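Peer 1: Quick one: this structure, given as structure tokens, is what I'll be asking you about.
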Amino acid sequence: MYRPPSLNTLRAMEAAARHRSFTRAAEELGVTHGAISHRVREVEERLGAAMFERQGNSMQPTLAALQILPTIRQSLELIASVFPEPRAAGHVVLKVAVLPSFAAHWLVPRLAEFHEAHPGIAIALDPRLDLSPVGPQGLDAAIRYGGGLWPGLVVERLMQDTLFPACSPAYRERMGIESEADLARCRFLRNAWQPWTPWFQRAGLALPEPGDSLPYDDAGLLLEATAAGHGVALVRKVISRDALASGRLVRLSEIETPFEGAYHFVRDPGAPPAKAAAALAFGAWLAHRLHGEFTEAKPSLS
């Protein structure tokens, strides 16, 4: 008798594709790296096609995987809608999609402050890189980075991030970096969406765009690779703040360039009253918290 893949197998496949990492998928699902590999291999054997291929530090879904992932996600969302999350009486659970890098390196270390101020609201974070649907059939809200043009949603601009070069203290000492000109002899790490050329031009450096290393798809992974001493990277001011404060990273120049787009808080305009009030409270806290740390952030939520 034919047996379809288990729910755990489908969840492993979806999480691995979303994170582009078996390790991070395992952490999210509370299983081992080997369990994720085993479940992905089960899908590959059933379909007779590879689901992932390694590119640098990430596991990229193949064309065969991309063809089945929408159906897997829809199926998981449908199952989740049949069994709503339990919650204590008087509490509102607000499901918020957020970029993994922003969640791990800025939001999560500060989230307890919001929960202390709003004990009746529980924030359920859904870290993901794609634009998750917000509305009746999706999430309650999202923190996105982009141009802010998302029709059908209430969109509130939080702040624009900026980029500047940083590295680990050990790498700076090893390479003898004292000025921007010293960067020419360094290994440049890069993010797929953050070219070095605009910063080179602003710093007056006649250097070509680095192309000798594979880009990191996730800014958080880029930051961790930089802190581990792999080279120099253009890091984002918001998510690098704690690493700089703790000494894991050192800033190499006061010259910075804007990162195109901005952080936005988006929410469902047709949310039920309790959800709407929770989203307003969380959005206002985000704006206030960012403004408190970064003078260029302009709170725009009431």
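Just remember, in the structure tokens the first chain shown is A, the second B, etc., residues are 1-based per chain, and ligands are 1-based in the order shown.
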Residues within 8 Å of Pro269 (chain A), please, as a list in words. Count only C-alpha atoms; anything in the same chain fewer than 3 positions from it doesn't count.

Peer 2: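 Here the qualifying residues turn out to be Gly152, Leu153, Val154 and Ala276 of chain A.
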
Peer 1: Please produce a file of the residues just selected, as an mmCIF file, in the first residue's frame, where the atoms kept are C-alpha atoms.

Peer 2:
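In the end it all went to selection-v1.cif:
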```cif
data_model
loop_
_atom_site.group_PDB
_atom_site.id
_atom_site.type_symbol
_atom_site.label_atom_id
_atom_site.label_comp_id
_atom_site.auth_asym_id
_atom_site.auth_seq_id
_atom_site.Cartn_x
_atom_site.Cartn_y
_atom_site.Cartn_z
ATOM 1 C CA GLY A 152 -3.571 45.636 0.315
ATOM 2 C CA LEU A 153 -1.577 46.007 3.543
ATOM 3 C CA VAL A 154 -1.018 48.750 6.085
ATOM 4 C CA ALA A 276 -5.355 44.752 15.177
#
```

Peer 1: Between A:Leu222, A:Ala245, A:Ala15, A:Met175, which is the closest to Leu129 (chain A) once you count only C-alpha atoms?

Peer 2: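 Of A:Leu222, A:Ala245, A:Ala15, A:Met175, the one nearest Leu129 (chain A), counting only C-alpha atoms, is A:Ala15.
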
Peer 1: With only C-alpha atoms as the basis for distance, which of A:Glu42, A:Asp242, A:Asp182, A:Glu254 is at the shortest distance from Leu207 (chain A)?

Peer 2: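 Looking at the shortest contact to Leu207 (chain A), the residue is A:Asp182.
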
Peer 1: Within 9 Å of Ala12 (chain A), counting only C-alpha atoms, which residues qualify if same-chain residues fewer than 2 places away don't, as an NGL selection string?

Peer 2: :A and (7-10 or 14-17 or 22 or 25-26 or 29 or 35-37 or 39-40)

Peer 1: Considering only C-alpha atoms, return as a list in words whatever protein or nucleic-acid residues lie within 6 Å of Phe164 (chain A), sequence-local ones (same chain, fewer than 5 positions apart) excluded.

Peer 2: Leu234, Val235 and Glu256 of chain A

Peer 1: Please dump the current selection as a PDB file, in the first residue's frame; keep N, CA and C atoms.

Peer 2:
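Done, and the output landed in selection.pdb:
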```
ATOM      1  N   LEU A 234      30.790  44.175   4.317  1.00  0.00           N
ATOM      2  CA  LEU A 234      29.911  45.314   4.538  1.00  0.00           C
ATOM      3  C   LEU A 234      28.770  44.817   5.412  1.00  0.00           C
ATOM      4  N   VAL A 235      28.722  45.275   6.632  1.00  0.00           N
ATOM      5  CA  VAL A 235      27.689  44.821   7.554  1.00  0.00           C
ATOM      6  C   VAL A 235      26.633  45.905   7.723  1.00  0.00           C
ATOM      7  N   GLU A 256      30.006  55.254   5.349  1.00  0.00           N
ATOM      8  CA  GLU A 256      28.944  54.264   5.179  1.00  0.00           C
ATOM      9  C   GLU A 256      28.077  54.640   3.987  1.00  0.00           C
TER      10      GLU A 256
END
```

Peer 1: Which residue out of A:Leu205, A:Val92, A:Ala192, A:Ala166 has the minimum interatomic distance to Lys237 (chain A) when only C-alpha atoms are used?

Peer 2: A:Ala166
